[in-house]
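Novice: As input, take start-v4.cif (mmCIF, C-alpha atoms):
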```cif
data_data
#
loop_
_atom_site.group_PDB
_atom_site.id
_atom_site.type_symbol
_atom_site.label_atom_id
_atom_site.label_comp_id
_atom_site.auth_asym_id
_atom_site.auth_seq_id
_atom_site.Cartn_x
_atom_site.Cartn_y
_atom_site.Cartn_z
ATOM 1 C CA MET A 1 -8.164 0.561 -3.457
ATOM 2 C CA ASN A 2 -9.816 1.449 -0.191
ATOM 3 C CA LYS A 3 -13.215 0.462 -1.601
ATOM 4 C CA PHE A 4 -11.890 -2.895 -2.809
ATOM 5 C CA LEU A 5 -10.482 -3.676 0.621
ATOM 6 C CA ILE A 6 -13.755 -2.836 2.340
ATOM 7 C CA ALA A 7 -15.766 -4.816 -0.224
ATOM 8 C CA GLY A 8 -13.550 -7.853 0.311
ATOM 9 C CA ILE A 9 -13.901 -7.730 4.074
ATOM 10 C CA VAL A 10 -17.662 -7.285 3.875
ATOM 11 C CA SER A 11 -18.046 -10.194 1.473
ATOM 12 C CA LEU A 12 -16.029 -12.376 3.818
ATOM 13 C CA SER A 13 -18.257 -11.414 6.701
ATOM 14 C CA LEU A 14 -21.422 -12.253 4.798
ATOM 15 C CA THR A 15 -20.344 -15.730 3.792
ATOM 16 C CA ALA A 16 -20.319 -18.447 6.392
ATOM 17 C CA CYS A 17 -17.810 -21.229 5.992
ATOM 18 C CA LYS A 18 -18.931 -24.770 6.687
ATOM 19 C CA LYS A 19 -16.469 -27.475 7.423
ATOM 20 C CA SER A 20 -17.623 -31.063 7.639
ATOM 21 C CA GLU A 21 -15.639 -33.848 9.173
ATOM 22 C CA THR A 22 -16.359 -37.550 8.743
ATOM 23 C CA LYS A 23 -15.148 -40.174 11.212
ATOM 24 C CA VAL A 24 -15.477 -43.898 10.816
ATOM 25 C CA GLU A 25 -15.476 -45.845 14.088
ATOM 26 C CA THR A 26 -15.069 -49.569 14.108
ATOM 27 C CA THR A 27 -15.990 -51.527 17.239
ATOM 28 C CA GLU A 28 -15.739 -55.258 17.880
ATOM 29 C CA ASN A 29 -18.709 -56.817 19.616
ATOM 30 C CA PRO A 30 -18.365 -59.534 22.272
ATOM 31 C CA ASP A 31 -19.768 -62.098 19.863
ATOM 32 C CA GLY A 32 -16.927 -61.386 17.381
ATOM 33 C CA THR A 33 -18.860 -59.278 14.894
ATOM 34 C CA VAL A 34 -17.594 -55.869 13.831
ATOM 35 C CA THR A 35 -19.789 -52.782 13.807
ATOM 36 C CA THR A 36 -18.826 -49.784 11.700
ATOM 37 C CA THR A 37 -20.310 -46.397 12.537
ATOM 38 C CA THR A 38 -19.895 -43.286 10.401
ATOM 39 C CA ILE A 39 -20.107 -39.980 12.257
ATOM 40 C CA GLU A 40 -20.352 -36.763 10.273
ATOM 41 C CA THR A 41 -19.956 -33.453 12.065
ATOM 42 C CA GLU A 42 -20.396 -29.972 10.643
ATOM 43 C CA LYS A 43 -18.688 -26.912 11.979
ATOM 44 C CA THR A 44 -19.825 -23.459 10.950
ATOM 45 C CA THR A 45 -17.512 -20.520 11.265
ATOM 46 C CA ALA A 46 -18.912 -17.046 10.837
ATOM 47 C CA LEU A 47 -17.143 -13.769 11.269
ATOM 48 C CA ASP A 48 -18.341 -11.414 13.949
ATOM 49 C CA SER A 49 -19.570 -8.135 12.446
ATOM 50 C CA ALA A 50 -17.945 -6.150 15.262
ATOM 51 C CA THR A 51 -14.582 -7.701 14.405
ATOM 52 C CA VAL A 52 -15.090 -6.944 10.732
ATOM 53 C CA ASN A 53 -16.051 -3.331 11.472
ATOM 54 C CA ALA A 54 -13.018 -2.904 13.722
ATOM 55 C CA THR A 55 -10.760 -4.335 11.018
ATOM 56 C CA VAL A 56 -12.257 -2.052 8.384
ATOM 57 C CA GLU A 57 -11.829 0.982 10.630
ATOM 58 C CA HIS A 58 -8.230 0.008 11.392
ATOM 59 C CA ALA A 59 -7.489 -0.397 7.669
ATOM 60 C CA ARG A 60 -9.117 2.968 6.949
ATOM 61 C CA GLU A 61 -6.947 4.671 9.591
ATOM 62 C CA LYS A 62 -3.785 3.119 8.146
ATOM 63 C CA LEU A 63 -4.748 4.216 4.624
ATOM 64 C CA ASN A 64 -5.391 7.773 5.842
ATOM 65 C CA LYS A 65 -1.986 7.886 7.571
ATOM 66 C CA ALA A 66 -0.280 6.577 4.442
ATOM 67 C CA GLY A 67 -2.062 9.218 2.340
ATOM 68 C CA GLU A 68 -0.934 11.965 4.710
ATOM 69 C CA LYS A 69 2.684 10.754 4.513
ATOM 70 C CA ILE A 70 2.508 10.706 0.720
ATOM 71 C CA ASP A 71 1.196 14.283 0.738
ATOM 72 C CA GLU A 72 4.049 15.383 3.027
ATOM 73 C CA VAL A 73 6.687 13.776 0.823
ATOM 74 C CA ALA A 74 5.136 15.298 -2.302
ATOM 75 C CA ASP A 75 5.174 18.764 -0.695
ATOM 76 C CA GLN A 76 8.824 18.350 0.315
ATOM 77 C CA ALA A 77 9.762 17.178 -3.172
ATOM 78 C CA GLY A 78 7.976 20.186 -4.683
ATOM 79 C CA ASP A 79 9.858 22.565 -2.392
ATOM 80 C CA GLU A 80 13.189 20.927 -3.219
ATOM 81 C CA LEU A 81 12.488 21.052 -6.951
ATOM 82 C CA GLN A 82 11.558 24.710 -6.693
ATOM 83 C CA LYS A 83 14.822 25.441 -4.846
ATOM 84 C CA ALA A 84 16.819 23.459 -7.388
ATOM 85 C CA GLY A 85 15.181 25.406 -10.223
ATOM 86 C CA SER A 86 16.096 28.669 -8.522
ATOM 87 C CA ASP A 87 19.698 27.500 -8.089
ATOM 88 C CA VAL A 88 19.878 26.564 -11.783
ATOM 89 C CA LYS A 89 18.553 30.013 -12.779
ATOM 90 C CA ASP A 90 21.139 31.742 -10.583
ATOM 91 C CA ALA A 91 23.956 29.629 -12.002
ATOM 92 C CA ALA A 92 22.796 30.301 -15.567
ATOM 93 C CA ALA A 93 22.651 34.050 -14.871
ATOM 94 C CA LYS A 94 26.192 34.053 -13.457
ATOM 95 C CA GLY A 95 27.419 32.022 -16.420
ATOM 96 C CA ALA A 96 25.771 34.442 -18.839
ATOM 97 C CA GLU A 97 27.401 37.400 -17.077
ATOM 98 C CA LYS A 98 30.817 35.756 -17.420
ATOM 99 C CA VAL A 99 30.214 35.041 -21.098
ATOM 100 C CA GLU A 100 29.147 38.646 -21.736
ATOM 101 C CA SER A 101 32.147 39.949 -19.824
ATOM 102 C CA GLY A 102 34.445 37.676 -21.815
ATOM 103 C CA ALA A 103 32.855 38.779 -25.080
ATOM 104 C CA GLU A 104 33.375 42.449 -24.191
ATOM 105 C CA LYS A 105 37.051 41.778 -23.432
ATOM 106 C CA VAL A 106 37.465 40.009 -26.754
ATOM 107 C CA LYS A 107 35.831 42.978 -28.576
ATOM 108 C CA GLU A 108 38.163 45.411 -26.825
ATOM 109 C CA ASP A 109 41.178 43.277 -27.651
ATOM 110 C CA LEU A 110 40.112 43.114 -31.302
ATOM 111 C CA LYS A 111 39.668 46.877 -31.446
ATOM 112 C CA LYS A 112 43.193 47.374 -30.056
ATOM 113 C CA ASN A 113 44.747 45.207 -32.686
#
```
Produce structure tokens that represent the structure in this file.
Specialist:
Amino acid sequence: MNKFLIAGIVSLSLTACKKSETKVETTENPDGTVTTTTIETEKTTALDSATVNATVEHAREKLNKAGEKIDEVADQAGDELQKAGSDVKDAAAKGAEKVESGAEKVKEDLKKN
């Protein structure tokens, strides 16, 4: 995604946008005749390469920070899952001990009868 963002910004910087504006002016002469003049103006807007480079660098920094945060959260989730797995193992072991103890009591009770 980082490469797509940079490619988009670079392509914007390489293309110049032209905007043309057409005005029609009508003036009335002292003799009563009307003169119509058409004025066409072109405006060119181009992006400054320094601005583009600064924007790209800023975007890169933000992406790096976001990646670091994702790594932190993934590490925390892994630690929590590992702890939860350990807790489940402990609970299963305790449950198994209780079942075995109960089974021994039932065997002893059956032998007595």
Novice: Report, in Å to a single decimal, how far apart CA of Glu97 (chain A) and CA of Lys112 (chain A) are.
Specialist: 22.7 Å
Novice: Find the spatial neighbours of Lys23 (chain A), counting all atoms listed in the file, within a cut-off of 9 Å - ignore same-chain residues fewer than 6 positions away - and output them as a ChimeraX atom specification.
Specialist: /A:37-41
Novice: Please produce a file of those selected residues containing C-alpha atoms, as a compact mmCIF listing (two decimals), in the frame of the given file.
Specialist:
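Output (part22.txt):
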```
# COMPACT_ATOMS: atom_id res chain seq x y z
CA THR A 37 -20.31 -46.40 12.54
CA THR A 38 -19.90 -43.29 10.40
CA ILE A 39 -20.11 -39.98 12.26
CA GLU A 40 -20.35 -36.76 10.27
CA THR A 41 -19.96 -33.45 12.06
```
Novice: Report, in Å to a single decimal, how far apart CA of Thr55 (chain A) and CA of Ser20 (chain A) are.
Specialist: 27.8 Å
Novice: Which distance in Å separates CA of Glu21 (chain A) and CA of Lys43 (chain A), to one decimal?
Specialist: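 Atom-to-atom, CA of Glu21 (chain A) and CA of Lys43 (chain A) are spaced 8.1 Å apart.
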Novice: Using 4 Å of padding on each side, determine the axis-aligned box around all atoms of region 31-34 of chain A present in the file and give its centre and edge lengths in Å to one decimal, as lines of an AutoDock Vina configuration file.
Specialist:
```
center_x = -18.3
center_y = -59.0
center_z = 16.8
size_x = 10.8
size_y = 14.2
size_z = 14.0
```
